[in-house]
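See below for input30.tsv, which holds TSV, C-alpha atoms.
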chain	number	residue	atom	x	y	z
A	1196	MET	CA	-96.09	94.07	21.07
A	1197	SER	CA	-92.94	95.99	20.12
A	1198	ALA	CA	-89.50	94.94	21.26
A	1199	ALA	CA	-89.28	98.03	23.45
A	1200	MET	CA	-92.42	96.97	25.29
A	1201	SER	CA	-91.77	93.24	25.46
A	1202	PRO	CA	-91.74	91.55	28.89
A	1203	ARG	CA	-88.05	90.71	28.46
A	1204	SER	CA	-87.18	94.37	27.79
A	1205	LEU	CA	-89.27	95.54	30.72
A	1206	TYR	CA	-87.65	92.95	32.99
A	1207	ALA	CA	-84.19	94.05	31.85
A	1208	ALA	CA	-85.04	97.69	32.56
A	1209	VAL	CA	-86.27	96.83	36.05
A	1210	GLN	CA	-83.12	94.80	36.74
A	1211	ARG	CA	-80.89	97.67	35.58
A	1212	ARG	CA	-82.70	100.00	37.95
A	1213	ARG	CA	-82.41	97.57	40.85
A	1214	ASN	CA	-78.72	96.85	40.19
A	1215	HIS	CA	-77.76	100.50	39.75
A	1216	GLY	CA	-74.49	101.14	41.61
A	1217	LEU	CA	-73.87	97.52	42.62
A	1218	SER	CA	-70.75	97.18	40.48
A	1219	GLY	CA	-69.03	99.84	42.60
A	1220	LEU	CA	-70.14	98.03	45.76
A	1221	TYR	CA	-68.68	94.76	44.50
A	1222	ILE	CA	-65.34	96.46	43.82
A	1223	VAL	CA	-65.23	98.00	47.32
A	1224	VAL	CA	-66.15	94.67	48.95
A	1225	ALA	CA	-63.45	92.87	46.93
A	1226	ALA	CA	-60.85	95.47	47.96
A	1227	PHE	CA	-61.72	95.10	51.64
A	1228	LEU	CA	-61.65	91.31	51.37
A	1229	ILE	CA	-58.19	91.40	49.79
A	1230	LEU	CA	-56.96	93.76	52.51
A	1231	TYR	CA	-58.46	91.52	55.17
A	1232	ALA	CA	-56.79	88.43	53.64
A	1233	VAL	CA	-53.45	90.26	53.73
A	1234	LEU	CA	-53.92	91.25	57.36
A	1235	PHE	CA	-55.30	87.86	58.38
A	1236	PRO	CA	-54.13	85.12	55.96
A	1237	GLY	CA	-55.91	82.52	58.08
A	1238	ILE	CA	-59.22	83.44	56.45
A	1239	LEU	CA	-58.06	81.57	53.36
A	1240	GLY	CA	-58.08	78.30	55.33
A	1241	LEU	CA	-61.14	76.21	56.13
A	1242	VAL	CA	-61.25	77.07	59.84
A	1243	GLY	CA	-60.59	80.77	59.27
A	1244	PHE	CA	-63.26	80.98	56.58
A	1245	SER	CA	-65.70	79.11	58.83
A	1246	LYS	CA	-65.15	81.49	61.76
A	1247	PHE	CA	-65.46	84.54	59.53
A	1248	THR	CA	-68.74	83.39	58.00
A	1249	GLN	CA	-70.07	82.51	61.46
A	1250	ASN	CA	-69.50	86.09	62.58
A	1251	TRP	CA	-71.00	87.44	59.35
A	1252	PHE	CA	-74.04	85.15	59.15
A	1253	PRO	CA	-76.22	86.77	61.88
A	1254	LEU	CA	-75.50	90.22	60.46
A	1255	ALA	CA	-76.41	88.99	56.97
A	1256	LEU	CA	-79.72	87.60	58.25
A	1257	VAL	CA	-80.76	90.78	60.09
A	1258	THR	CA	-79.69	92.90	57.12
A	1259	MET	CA	-81.93	90.79	54.88
A	1260	ALA	CA	-84.73	91.17	57.42
A	1261	GLN	CA	-84.36	94.95	57.37
A	1262	ALA	CA	-83.87	95.16	53.59
A	1263	LEU	CA	-87.05	93.16	53.01
A	1264	LEU	CA	-89.10	95.83	54.76
A	1265	MET	CA	-87.18	98.73	53.19
A	1266	LEU	CA	-87.84	97.28	49.73
A	1267	ASN	CA	-91.51	97.24	50.72
A	1268	GLY	CA	-91.37	100.89	51.77
A	1269	GLY	CA	-91.13	100.25	55.52
A	1270	ILE	CA	-88.56	99.89	58.27
A	1271	THR	CA	-88.32	98.09	61.59
A	1272	LEU	CA	-86.70	99.04	64.88
A	1273	ALA	CA	-87.53	95.65	66.41
A	1274	ILE	CA	-84.73	93.66	64.78
A	1275	GLY	CA	-82.40	93.67	67.80
A	1276	PRO	CA	-85.08	92.67	70.33
A	1277	LEU	CA	-86.27	89.87	68.02
A	1278	VAL	CA	-82.70	88.56	67.82
A	1279	SER	CA	-82.53	88.55	71.62
A	1280	LEU	CA	-85.92	86.86	71.88
A	1281	GLY	CA	-84.87	84.16	69.42
A	1282	ALA	CA	-81.76	83.44	71.48
A	1283	VAL	CA	-83.81	83.33	74.70
A	1284	ILE	CA	-86.48	81.00	73.31
A	1285	ALA	CA	-83.81	78.65	72.00
A	1286	ALA	CA	-82.02	78.61	75.35
A	1287	ILE	CA	-85.14	77.87	77.44
A	1288	THR	CA	-86.71	75.27	75.14
A	1289	MET	CA	-83.85	73.14	73.85
A	1290	GLY	CA	-83.08	71.77	77.30
A	1291	GLY	CA	-86.72	70.86	77.96
A	1292	PRO	CA	-89.21	68.37	76.58
A	1293	LEU	CA	-89.38	70.14	73.23
A	1294	GLY	CA	-85.75	69.28	72.51
A	1295	THR	CA	-83.61	70.83	69.80
A	1296	THR	CA	-86.12	70.39	66.98
A	1297	GLY	CA	-88.95	71.79	69.07
A	1298	GLY	CA	-86.77	74.71	70.11
A	1299	ILE	CA	-85.99	75.57	66.50
A	1300	LEU	CA	-89.68	75.42	65.60
A	1301	ALA	CA	-90.57	77.58	68.62
A	1302	VAL	CA	-88.02	80.21	67.55
A	1303	ALA	CA	-89.35	80.21	63.98
A	1304	ALA	CA	-92.99	80.34	65.09
A	1305	ALA	CA	-92.31	83.26	67.44
A	1306	GLY	CA	-90.59	85.26	64.71
A	1307	LEU	CA	-93.34	84.62	62.18
A	1308	ALA	CA	-96.16	85.35	64.66
A	1309	ILE	CA	-94.69	88.56	66.09
A	1310	GLY	CA	-93.73	89.82	62.64
A	1311	ALA	CA	-97.21	89.08	61.32
A	1312	VAL	CA	-98.91	90.88	64.23
A	1313	ILE	CA	-96.73	93.97	63.74
A	1314	GLY	CA	-97.39	93.80	59.99
A	1315	MET	CA	-101.15	93.64	60.51
A	1316	ILE	CA	-101.07	96.68	62.78
A	1317	VAL	CA	-99.04	98.60	60.21
A	1318	ALA	CA	-100.99	97.42	57.16
A	1319	TYR	CA	-104.58	97.42	58.37
A	1320	LEU	CA	-104.52	100.21	60.97
A	1321	ARG	CA	-102.39	102.42	58.70
A	1322	LEU	CA	-99.96	103.29	61.48
A	1323	PRO	CA	-96.34	104.32	60.73
A	1324	ALA	CA	-94.03	101.31	60.76
A	1325	ILE	CA	-91.30	103.14	62.61
A	1326	ILE	CA	-93.66	103.97	65.52
A	1327	VAL	CA	-95.22	100.50	65.69
A	1328	THR	CA	-91.85	98.72	65.60
A	1329	LEU	CA	-90.38	101.12	68.16
A	1330	ALA	CA	-93.22	100.29	70.56
A	1331	GLY	CA	-92.88	96.63	69.62
A	1332	SER	CA	-89.17	96.67	70.42
A	1333	PHE	CA	-89.90	97.63	74.03
A	1334	ILE	CA	-92.58	94.94	74.36
A	1335	ILE	CA	-90.37	92.25	72.83
A	1336	THR	CA	-87.45	93.22	75.06
A	1337	GLY	CA	-89.73	92.98	78.09
A	1338	ILE	CA	-90.90	89.51	77.05
A	1339	ALA	CA	-87.29	88.35	76.58
A	1340	LEU	CA	-86.36	89.64	80.06
A	1341	LEU	CA	-89.40	87.96	81.59
A	1342	LEU	CA	-88.49	84.64	79.99
A	1343	LEU	CA	-84.81	84.86	80.91
A	1344	PRO	CA	-83.86	87.75	83.25
A	1345	ARG	CA	-80.13	87.09	82.88
A	1346	PRO	CA	-77.90	85.21	80.41
A	1347	GLY	CA	-78.27	81.47	80.75
A	1348	GLY	CA	-80.33	78.55	79.54
A	1349	PHE	CA	-79.09	75.54	77.64
A	1350	ILE	CA	-77.94	74.92	74.07
A	1351	PRO	CA	-76.86	71.35	73.22
A	1352	GLY	CA	-73.14	71.08	72.65
A	1353	TRP	CA	-73.55	69.13	69.43
A	1354	PHE	CA	-75.83	71.86	68.05
A	1355	SER	CA	-73.29	74.57	68.84
A	1356	ASP	CA	-70.53	72.47	67.29
A	1357	LEU	CA	-72.64	71.97	64.17
A	1358	LEU	CA	-73.39	75.65	63.58
A	1359	ALA	CA	-70.32	77.26	65.16
A	1360	GLY	CA	-67.69	74.58	64.70
A	1361	HIS	CA	-64.84	74.27	62.22
A	1362	MET	CA	-66.96	73.68	59.12
A	1363	PRO	CA	-68.54	76.48	56.99
A	1364	VAL	CA	-72.10	75.47	57.85
A	1365	ALA	CA	-73.06	79.13	58.25
A	1366	PHE	CA	-72.03	79.86	54.68
A	1367	GLY	CA	-74.08	76.93	53.42
A	1368	LEU	CA	-77.11	78.15	55.37
A	1369	LEU	CA	-76.71	81.62	53.88
A	1370	VAL	CA	-76.69	80.15	50.38
A	1371	VAL	CA	-79.88	78.24	51.20
A	1372	VAL	CA	-81.55	81.42	52.49
A	1373	LEU	CA	-80.59	83.32	49.32
A	1374	ILE	CA	-81.95	80.53	47.11
A	1375	ALA	CA	-85.18	80.55	49.13
A	1376	TRP	CA	-85.43	84.33	48.65
A	1377	LYS	CA	-84.93	83.92	44.90
A	1378	LEU	CA	-87.72	81.34	44.77
A	1379	PHE	CA	-90.00	83.52	46.89
A	1380	LEU	CA	-89.35	86.47	44.59
A	1381	ALA	CA	-90.83	84.47	41.71
A	1382	THR	CA	-94.17	84.11	43.52
A	1383	PRO	CA	-96.98	86.71	43.30
A	1384	LEU	CA	-96.33	87.80	46.90
A	1385	GLY	CA	-92.61	88.08	46.20
A	1386	LEU	CA	-93.18	90.21	43.12
A	1387	GLY	CA	-95.56	92.34	45.16
A	1388	ILE	CA	-92.76	93.28	47.59
A	1389	TYR	CA	-91.16	95.58	45.01
A	1390	ALA	CA	-94.43	96.74	43.49
A	1391	ALA	CA	-96.00	97.71	46.81
A	1392	GLY	CA	-92.81	99.43	47.89
A	1393	ASP	CA	-92.27	101.38	44.70
A	1394	ASN	CA	-95.87	102.51	44.07
A	1395	PRO	CA	-98.45	101.12	46.52
A	1396	VAL	CA	-101.38	102.92	44.90
A	1397	GLY	CA	-100.47	101.71	41.42
A	1398	ALA	CA	-99.80	98.21	42.77
A	1399	PHE	CA	-103.23	98.13	44.44
A	1400	ARG	CA	-104.94	99.24	41.23
A	1401	SER	CA	-103.06	96.50	39.38
A	1402	GLY	CA	-104.46	93.86	41.70
A	1403	VAL	CA	-101.55	93.45	44.11
A	1404	PRO	CA	-102.81	92.62	47.64
A	1405	VAL	CA	-100.77	95.40	49.24
A	1406	GLU	CA	-101.84	94.71	52.83
A	1407	ARG	CA	-101.19	90.97	52.54
A	1408	VAL	CA	-97.79	91.65	50.97
A	1409	ARG	CA	-96.88	93.99	53.82
A	1410	VAL	CA	-97.94	91.47	56.49
A	1411	THR	CA	-95.94	88.75	54.70
A	1412	ALA	CA	-92.87	90.99	54.57
A	1413	PHE	CA	-93.05	91.69	58.31
A	1414	ALA	CA	-93.60	87.99	59.09
A	1415	ILE	CA	-90.58	86.86	57.05
A	1416	SER	CA	-88.51	89.69	58.52
A	1417	GLY	CA	-89.41	88.53	62.03
A	1418	LEU	CA	-88.51	84.94	61.10
A	1419	LEU	CA	-85.06	85.95	59.82
A	1420	ALA	CA	-84.39	88.02	62.96
A	1421	THR	CA	-85.28	85.25	65.43
A	1422	LEU	CA	-83.30	82.71	63.39
A	1423	ALA	CA	-80.31	85.06	63.68
A	1424	GLY	CA	-80.88	84.95	67.45
A	1425	LEU	CA	-80.94	81.15	67.31
A	1426	PHE	CA	-77.56	81.16	65.58
A	1427	VAL	CA	-76.13	83.64	68.10
A	1428	ALA	CA	-77.32	81.38	70.93
A	1429	ALA	CA	-75.55	78.44	69.27
A	1430	GLN	CA	-72.37	80.53	69.07
A	1431	THR	CA	-72.44	81.55	72.73
A	1432	GLY	CA	-73.92	78.35	74.11
A	1433	SER	CA	-76.64	80.23	76.02
A	1434	GLY	CA	-79.39	82.83	75.69
A	1435	ASP	CA	-79.02	86.53	76.45
A	1436	PRO	CA	-82.10	88.80	76.63
A	1437	VAL	CA	-80.20	91.88	75.40
A	1438	ILE	CA	-77.59	90.41	73.06
A	1439	GLY	CA	-79.34	91.70	69.92
A	1440	GLY	CA	-79.16	95.38	70.90
A	1441	PRO	CA	-76.62	96.55	68.28
A	1442	MET	CA	-78.28	94.51	65.51
A	1443	THR	CA	-81.00	97.06	64.76
A	1444	LEU	CA	-78.71	99.86	63.63
A	1445	ASN	CA	-76.28	97.40	62.03
A	1446	SER	CA	-79.12	95.96	59.94
A	1447	ILE	CA	-80.00	99.44	58.67
A	1448	ALA	CA	-76.33	100.20	57.98
A	1449	GLY	CA	-75.84	96.98	56.04
A	1450	ALA	CA	-78.93	97.57	53.93
A	1451	VAL	CA	-77.95	101.18	53.19
A	1452	LEU	CA	-74.41	100.16	52.27
A	1453	GLY	CA	-75.97	97.61	49.91
A	1454	GLY	CA	-77.89	100.30	48.06
A	1455	VAL	CA	-81.36	99.63	49.47
A	1456	GLY	CA	-83.43	102.82	49.53
A	1457	PHE	CA	-85.66	104.00	52.36
A	1458	LEU	CA	-88.59	104.85	50.09
A	1459	GLY	CA	-89.21	101.34	48.80
A	1460	GLY	CA	-88.72	99.53	45.51
A	1461	LYS	CA	-85.02	100.42	45.20
A	1462	GLY	CA	-82.25	97.93	45.74
A	1463	THR	CA	-81.73	94.17	45.75
A	1464	MET	CA	-81.29	91.51	48.38
A	1465	ARG	CA	-77.89	90.55	46.99
A	1466	GLY	CA	-76.87	94.16	47.40
A	1467	ALA	CA	-78.03	94.08	51.02
A	1468	VAL	CA	-76.05	90.89	51.66
A	1469	CYS	CA	-72.98	92.50	50.08
A	1470	GLY	CA	-73.57	95.53	52.29
A	1471	SER	CA	-73.60	93.33	55.39
A	1472	LEU	CA	-70.40	91.65	54.17
A	1473	LEU	CA	-68.76	95.04	53.67
A	1474	LEU	CA	-69.79	96.15	57.15
A	1475	SER	CA	-68.48	92.93	58.70
A	1476	VAL	CA	-65.16	93.03	56.84
A	1477	MET	CA	-64.78	96.75	57.53
A	1478	ILE	CA	-65.08	96.18	61.28
A	1479	ASN	CA	-62.51	93.36	61.17
A	1480	VAL	CA	-60.07	95.36	59.05
A	1481	MET	CA	-60.24	98.35	61.40
A	1482	PHE	CA	-59.63	96.00	64.32
A	1483	PHE	CA	-56.50	94.52	62.70
A	1484	LEU	CA	-55.25	98.00	61.79
A	1485	GLY	CA	-55.42	98.96	65.44
A	1486	PHE	CA	-58.29	101.42	65.30
A	1487	PRO	CA	-59.57	102.21	68.80
A	1488	PRO	CA	-63.28	101.47	69.34
A	1489	VAL	CA	-64.23	105.17	69.18
A	1490	ALA	CA	-62.45	105.60	65.86
A	1491	GLN	CA	-64.16	102.48	64.52
A	1492	TYR	CA	-67.58	103.96	65.24
A	1493	VAL	CA	-66.61	107.27	63.61
A	1494	ALA	CA	-65.19	105.53	60.55
A	1495	GLN	CA	-68.30	103.36	60.18
A	1496	GLY	CA	-70.51	106.43	60.38
A	1497	LEU	CA	-68.50	108.32	57.77
A	1498	ILE	CA	-68.48	105.36	55.39
A	1499	ILE	CA	-72.23	104.88	55.73
A	1500	VAL	CA	-72.90	108.59	55.11
A	1501	GLY	CA	-70.64	108.41	52.08
A	1502	ALA	CA	-72.42	105.31	50.80
A	1503	VAL	CA	-75.70	107.21	50.89
A	1504	ALA	CA	-74.44	110.61	49.73
A	1505	ILE	CA	-72.18	109.66	46.82
A	1506	PRO	CA	-74.86	107.93	44.68
A	1507	GLU	CA	-77.30	110.75	45.42
A	1508	LEU	CA	-74.79	113.47	44.48
A	1509	SER	CA	-73.71	111.64	41.33
A	1510	SER	CA	-77.36	111.23	40.31
A	1511	ARG	CA	-77.95	114.98	40.75
A	1512	TRP	CA	-74.79	115.74	38.77
A	1513	ARG	CA	-75.94	113.52	35.88
A	1514	THR	CA	-79.36	115.20	35.95
A	1515	LYS	CA	-77.85	118.68	35.70
A	1516	ALA	CA	-75.45	117.56	33.01
Output the file's structure in the form of structure tokens.
Amino acid sequence: MSAAMSPRSLYAAVQRRRNHGLSGLYIVVAAFLILYAVLFPGILGLVGFSKFTQNWFPLALVTMAQALLMLNGGITLAIGPLVSLGAVIAAITMGGPLGTTGGILAVAAAGLAIGAVIGMIVAYLRLPAIIVTLAGSFIITGIALLLLPRPGGFIPGWFSDLLAGHMPVAFGLLVVVLIAWKLFLATPLGLGIYAAGDNPVGAFRSGVPVERVRVTAFAISGLLATLAGLFVAAQTGSGDPVIGGPMTLNSIAGAVLGGVGFLGGKGTMRGAVCGSLLLSVMINVMFFLGFPPVAQYVAQGLIIVGAVAIPELSSRWRTKA
């Protein structure tokens, strides 16, 4: 086998394609972080860093959940409702006989099961993911409201202090999640995420179980979303059946800012996480600069459009050149 066709060369080529444009993203994120540190020097301390990562962590999880499906050529509109459902399940189980451990397991099981069911409908019935997840979002929201019609429930104080206290536990959990993703990516199913997203027909002919990969992607996505809801419940000390509403669009925005494409196979999870970090820091910086809420929404929209348009326009310019 020639050097040009060696596995190492092919791997390097794939990595270059996946990492295309990430250097610019890293520079922008670094600039916003420096600006944020200037505006709020407290972030450089342990408590300030802990509070910042606690606010960022749920957004990072839902962005990863969305990016996972976008890498696989899909999308989900059920992220926000799953976050709310995770918070509700945690709030109604942790004060009962199941206890804290049982509540965590119930949240995880719900996310995996609902994600898997949605994935099976999409994969085996060949229905559009955006339609299935839109319908699923209404059903999941209804279930959350049935379980807990209004904010309430119980989250143990020690659990809230552990996750949302003065130590950077959230940052440590994020590192663990990223390591787990890296390990999963080395498995056949993990490798199939990119293959099935980039070229599902070619992946199927190469022996990739495309349907199983898609179901797995939806299941893991659901797990990440409900775990984000669990963390939000720990932050607030209760469950709220509609608290995850803004998370759906924010998850898409974070993934897009991180360079994840809508057509599958383009982007990386680290890019998505950086995109969620950029979105989180951007919101905080605009707040400290005194932007009114309306201006913040407009600025976010313009930045997101620019993040999508600039790479596309530069690619067209290079092609013509």
Within 7 Å of segment 1458-1474 of chain A using only C-alpha atoms, minus same-chain residues under 5 positions, as a PDB file with C-alpha atoms, in the frame of the given file:
ATOM      1  CA  ARG A1213     -82.410  97.570  40.850  1.00  0.00           C
ATOM      2  CA  ASN A1214     -78.720  96.850  40.190  1.00  0.00           C
ATOM      3  CA  LEU A1217     -73.870  97.520  42.620  1.00  0.00           C
ATOM      4  CA  VAL A1224     -66.150  94.670  48.950  1.00  0.00           C
ATOM      5  CA  TRP A1251     -71.000  87.440  59.350  1.00  0.00           C
ATOM      6  CA  LEU A1254     -75.500  90.220  60.460  1.00  0.00           C
ATOM      7  CA  ALA A1255     -76.410  88.990  56.970  1.00  0.00           C
ATOM      8  CA  THR A1258     -79.690  92.900  57.120  1.00  0.00           C
ATOM      9  CA  MET A1259     -81.930  90.790  54.880  1.00  0.00           C
ATOM     10  CA  ALA A1262     -83.870  95.160  53.590  1.00  0.00           C
ATOM     11  CA  MET A1265     -87.180  98.730  53.190  1.00  0.00           C
ATOM     12  CA  LEU A1266     -87.840  97.280  49.730  1.00  0.00           C
ATOM     13  CA  ASN A1267     -91.510  97.240  50.720  1.00  0.00           C
ATOM     14  CA  GLY A1268     -91.370 100.890  51.770  1.00  0.00           C
ATOM     15  CA  TYR A1389     -91.160  95.580  45.010  1.00  0.00           C
ATOM     16  CA  ALA A1390     -94.430  96.740  43.490  1.00  0.00           C
ATOM     17  CA  GLY A1392     -92.810  99.430  47.890  1.00  0.00           C
ATOM     18  CA  ASP A1393     -92.270 101.380  44.700  1.00  0.00           C
ATOM     19  CA  GLY A1449     -75.840  96.980  56.040  1.00  0.00           C
ATOM     20  CA  ALA A1450     -78.930  97.570  53.930  1.00  0.00           C
ATOM     21  CA  LEU A1452     -74.410 100.160  52.270  1.00  0.00           C
ATOM     22  CA  GLY A1453     -75.970  97.610  49.910  1.00  0.00           C
TER      23      GLY A1453
END
Write out as a PyMOL selection string each polymer residue whose atoms come within 8 Å of Asp1435 of chain A, counting only C-alpha atoms; drop sequence neighbours fewer than 2 positions from it.
chain A and resi 1279+1282-1283+1343+1345-1347+1428+1433+1437-1438
Pull the neighbourhood of (-97.0, 92.7, 64.3) for me: all residues within 10 Å in file coordinates, counting all atoms listed in the file, as a ChimeraX atom specification.
/A:1306-1318,1324,1327-1328,1331,1410,1413-1414,1417
Any idea what's packed within 12 Å of Gly1352 of chain A, counting all atoms listed in the file, ignoring anything in its chain fewer than 6 positions away? Could you give it as a PyMOL selection string?
chain A and resi 1286+1289-1290+1295+1358-1360+1428-1433
For Arg1409 of chain A, the nearest of the candidates A:Leu1230, A:Leu1342, A:Ile1270, A:Ile1284, counting only C-alpha atoms
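Between A:Leu1230, A:Leu1342, A:Ile1270, A:Ile1284, the residue approaching Arg1409 of chain A most closely is A:Ile1270.
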